[in-house]
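See below for the structure under consideration.
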Amino acid sequence: MITDQQMLERWGGESLHVYRDRAADAWIIIAVHSTERGPSAGGTRMKAYGNLQEAVLDAMKLSAAMTLKFATVKMAWGGGKTVVYLTRELDPQERHALLLRLGAHIKNLSGQYYAGPDIGTTSDDMDVLHTVAAPYIFSRTPATGGSGSSSVPTAYGVFAAIRATCRQVFGTGDLEGKRILIQGMGNVGSYLSHLLRSEGAYILFSEMNAETVKHFEDQEGYELVSAEALFDTDCDIFSPCAQGGILDASSISRLKCRGIAGAANNQLSDPALHAGMLKERGILYAPDFVVSLGGAMGITLMEAERMPYEEVIAKVQMAIGEALEGIFRLAEKENCDTVEAAYRYVD
Ligand code: PPY
């Protein structure tokens with residue numbers, strides 16, 4: 001058992017705000033990891049957790065990942081994240097009222113933290129938050145002047161990361177005939193699959209939602225991989241684009257891929273330990289906080305810097321490709337795993 005003090009010290013963040021929301025039987029956690037480079041920013045995750053500790057830990061880990069994302073591309077932002085831990089189903093009015101109360105908490109932080117959407121929230125929810133927490137809300141709907149979902153810049157970033165990973169593993173970034181296994185065909189996974197296919201890649205996918213499975217099997221002709229077979233399937237690149245924490249000693253021992261590059265946050269259960277295991281198995285791991293930073297970069301460039309969309313997409317791909325190239329080179333030179341190399345690269 002580690003103490004709360006040890007937990008907070010290991011996290012290394014600045015402030016952790018935990019609010020009890022009695023009306024919705026929910027907990028709101030806002031983790032401000034760093035404001036050293038600039039205000040903190042990060043999405044709003046709304047979902048059920050097993051208990052409060054799990055929810056708080058998730059907010060802490062996700063906010064730390066945001067700091068790394070912005071630092072990798074030297075942007076003047078820091079890491080923050082909101083977790084709304086739901087303990088029961090809410091009807092639409094209750095959910096709306098909860099969002100307004102969350103907005104008041106964000107407003108109270110006076111610009112230390114800027115929010116956007118994440119798992120469980122949408123641009124429509126950002127419109128609601130904006131009514132009470134302007135100007136600290138990103139990714140509103142285009143109808144109200146926002147940049148909408150960040151899934152497309154995120155997908156372009158993952159696409160660039162897969163190319164950079166292939167270049168390192170196979171000596172060429174040519175994706176023709178490469179077998180890419182995507183876990184999770186949500187907004188990012190599905191957009192990514194189209195980018196990859198247009199370059200001649202062969203797409204395998206795993207997905208929980210039956211309707212989505214049917215669409216991608218029947219309409220797109222992708223190869224379905226069952227959840228049980230996910231880690232045992234032969235592929236060139238495995239791209240986790242669903243939940244975090246999927247890579248541990250057991251799954252890593254089964255993998256039959258040459259590289260990993262996906263959008264999910266915090267893919268390694270224990271980054272220091274599991275990055276080493278992947279290295280030993282000869283699997284090139286593109287650190288998730290680099291692969292997935294296209295969303296954060298896209299949102300802040302479009303909304304805070306008003307950069308045109310096409311320029312943002314080009315910049316996201318360039319920045320992620322360059323960062324991974326630098327990280328892979330550093331890992332080779334220092335004979336360390338890629339997560340360690342990424343921390344050194346960011347420093
Ligand atoms: C993420 O990349 O995980 C994010 O949360 C993206 C983001 C960045 C800035 C504001 C809101 C969301």
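Letters for chains follow the order of the structure tokens (A, B, ...), residue numbers begin at 1 for each chain, and ligand numbers begin at 1 in the order shown.
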
Can you work out which residues are within 9 Å of ligand 1, considering only C-alpha atoms and all ligand atoms, and then hand them over as a ChimeraX atom specification?
/A:40-45,62-63,65-66,69-70,77,79-82,113-118,137-139,150,154,263-265,289,292-300

Please report, as a ChimeraX atom specification, each residue of region 119-228 of chain A to which DSSP assigns strand (DSSP E or B) when run on this structure's backbone.
/A:137,179-183,202-206,223-224

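Among A:Ile237, A:Val132, A:Val316, A:Leu247, the residue with the shortest atom-to-atom distance to Val73 (chain A), counting only C-alpha atoms, is A:Val316.
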
Report as CSV the residues of region 30-146 of chain A within 10 Å of region 6-23 of chain A, each with its shortest atom pair and distance in Å (one decimal), using only C-alpha atoms, ordered by chain and increasing residue number.
```
residue,atom,partner,partner_atom,distance
A:Ile30,CA,A:His17,CA,5.0
A:Ala31,CA,A:Leu16,CA,4.6
A:Val32,CA,A:Ser15,CA,5.2
A:His33,CA,A:Gly13,CA,3.9
A:Ser34,CA,A:Glu14,CA,5.9
A:Thr35,CA,A:Glu14,CA,7.9
A:Glu36,CA,A:Glu14,CA,9.6
A:Leu52,CA,A:Val18,CA,9.8
A:Val56,CA,A:Val18,CA,8.1
A:Leu57,CA,A:Met7,CA,8.9
A:Ala59,CA,A:Leu16,CA,8.9
A:Met60,CA,A:Trp11,CA,6.7
A:Lys61,CA,A:Trp11,CA,7.4
A:Ser63,CA,A:Gly13,CA,8.3
A:Ala64,CA,A:Gly13,CA,7.2
A:Thr67,CA,A:Gly13,CA,9.5
A:Gly79,CA,A:Gly13,CA,8.8
A:Gly80,CA,A:Gly13,CA,9.2
A:Lys81,CA,A:Leu16,CA,10.0
A:Thr82,CA,A:His17,CA,9.3
A:Val83,CA,A:Val18,CA,9.6
A:Val84,CA,A:Tyr19,CA,9.6
A:Tyr85,CA,A:Asp21,CA,9.7
A:Leu86,CA,A:Asp21,CA,9.8
A:Glu94,CA,A:Ala23,CA,8.2
A:Ala97,CA,A:Ala23,CA,9.0
A:Leu98,CA,A:Asp21,CA,7.8
A:Arg101,CA,A:Asp21,CA,8.3
A:Leu102,CA,A:Asp21,CA,9.1
A:His105,CA,A:Tyr19,CA,8.6
A:Leu109,CA,A:His17,CA,9.7
```

Find the residues near Ala341 (chain A): any atom within 10 Å, counting only C-alpha atoms, skip ones fewer than 3 places away on the same chain, and give them as a PyMOL selection string.
chain A and resi 287+324+326-338+344-347

For those residues, write C-alpha atoms to a file as a PDB file, in the first residue's frame.
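And here is the file that came out, result-v7.pdb:
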```pdb
ATOM      1  CA  PRO A 287       4.704   5.950 -26.900  1.00  0.00           C
ATOM      2  CA  LEU A 324       8.847   9.640 -33.118  1.00  0.00           C
ATOM      3  CA  GLY A 326      13.834  11.481 -32.724  1.00  0.00           C
ATOM      4  CA  ILE A 327      12.596   9.133 -29.988  1.00  0.00           C
ATOM      5  CA  PHE A 328      13.359   5.959 -31.949  1.00  0.00           C
ATOM      6  CA  ARG A 329      16.838   7.283 -32.760  1.00  0.00           C
ATOM      7  CA  LEU A 330      17.472   8.132 -29.103  1.00  0.00           C
ATOM      8  CA  ALA A 331      16.272   4.691 -27.968  1.00  0.00           C
ATOM      9  CA  GLU A 332      18.715   3.048 -30.384  1.00  0.00           C
ATOM     10  CA  LYS A 333      21.607   5.276 -29.404  1.00  0.00           C
ATOM     11  CA  GLU A 334      21.098   4.846 -25.652  1.00  0.00           C
ATOM     12  CA  ASN A 335      19.847   1.264 -25.905  1.00  0.00           C
ATOM     13  CA  CYS A 336      16.807   2.099 -23.786  1.00  0.00           C
ATOM     14  CA  ASP A 337      13.110   1.434 -24.287  1.00  0.00           C
ATOM     15  CA  THR A 338      11.050   3.949 -26.249  1.00  0.00           C
ATOM     16  CA  ARG A 344      14.459  12.047 -22.283  1.00  0.00           C
ATOM     17  CA  TYR A 345      13.367  13.540 -25.621  1.00  0.00           C
ATOM     18  CA  VAL A 346      10.795  15.746 -23.864  1.00  0.00           C
ATOM     19  CA  ASP A 347      13.226  16.955 -21.173  1.00  0.00           C
TER      20      ASP A 347
END
```

Give me, as an NGL selection string, the residues of region 233-325 of chain A that a backbone DSSP run labels alpha helix (DSSP H).
:A and (249-254 or 271-280 or 288-291 or 294-303 or 309-325)

Write out the residues from the selection above, keeping C-alpha atoms, as a compact mmCIF listing (two decimals), in the first residue's frame.
```txt
# COMPACT_ATOMS: atom_id res chain seq x y z
CA ALA A 249 2.87 -8.98 -18.93
CA SER A 250 0.20 -11.40 -20.11
CA SER A 251 -0.93 -9.56 -23.26
CA ILE A 252 2.64 -8.58 -24.20
CA SER A 253 3.78 -12.22 -24.07
CA ARG A 254 1.13 -13.11 -26.66
CA PRO A 271 4.92 2.13 -18.38
CA ALA A 272 8.49 1.60 -17.09
CA LEU A 273 8.07 -2.16 -16.71
CA HIS A 274 6.05 -2.93 -19.80
CA ALA A 275 8.00 -0.71 -22.20
CA GLY A 276 11.04 -2.80 -21.23
CA MET A 277 9.16 -6.04 -21.91
CA LEU A 278 8.13 -4.83 -25.36
CA LYS A 279 11.73 -3.93 -26.14
CA GLU A 280 12.85 -7.42 -25.07
CA ASP A 288 0.98 6.64 -26.69
CA PHE A 289 1.31 10.21 -25.50
CA VAL A 290 3.17 11.02 -28.72
CA VAL A 291 0.94 8.99 -31.06
CA GLY A 294 -2.86 15.23 -32.64
CA GLY A 295 -6.14 15.92 -30.85
CA ALA A 296 -4.64 18.22 -28.25
CA MET A 297 -2.49 19.92 -30.85
CA GLY A 298 -5.40 20.29 -33.26
CA ILE A 299 -7.75 21.77 -30.67
CA THR A 300 -5.31 24.32 -29.31
CA LEU A 301 -3.88 25.36 -32.69
CA MET A 302 -7.32 25.79 -34.24
CA GLU A 303 -9.02 27.50 -31.34
CA TYR A 309 -7.53 23.47 -40.67
CA GLU A 310 -5.32 22.23 -43.55
CA GLU A 311 -2.27 23.76 -41.91
CA VAL A 312 -3.16 22.09 -38.61
CA ILE A 313 -3.49 18.66 -40.23
CA ALA A 314 -0.12 19.06 -41.98
CA LYS A 315 1.55 20.31 -38.81
CA VAL A 316 0.15 17.46 -36.68
CA GLN A 317 1.51 14.82 -39.05
CA MET A 318 4.89 16.51 -39.39
CA ALA A 319 5.30 17.06 -35.62
CA ILE A 320 4.37 13.49 -34.65
CA GLY A 321 6.52 11.95 -37.39
CA GLU A 322 9.51 14.05 -36.35
CA ALA A 323 9.07 13.41 -32.63
CA LEU A 324 8.85 9.64 -33.12
CA GLU A 325 11.86 9.62 -35.42
```

CA of Arg306 (chain A) and CA of Thr131 (chain A), how far apart in Å?
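Between CA of Thr131 (chain A) and CA of Arg306 (chain A) the gap is 21.2 Å.
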
Have a look at CA of His130 (chain A) and CA of Glu305 (chain A) and let me know their distance in Å, one decimal.
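These two atoms are separated by 18.5 Å.
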
Quick one: everything within 6 Å of Phe238 (chain A), counting only C-alpha atoms, minus sequence neighbours fewer than 2 positions away in the same chain. Send it as a PyMOL selection string.
chain A and resi 180-181+260

In Å to one decimal, how far is CA of Arg197 (chain A) from CA of Val152 (chain A)?
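CA of Val152 (chain A) sits 15.6 Å away from CA of Arg197 (chain A).
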
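Using only C-alpha atoms, the shortest contact distance between Asn209 (chain A) and any of A:Gly184, A:Gly245, A:Gly221, A:Gly189 is found at A:Gly184.
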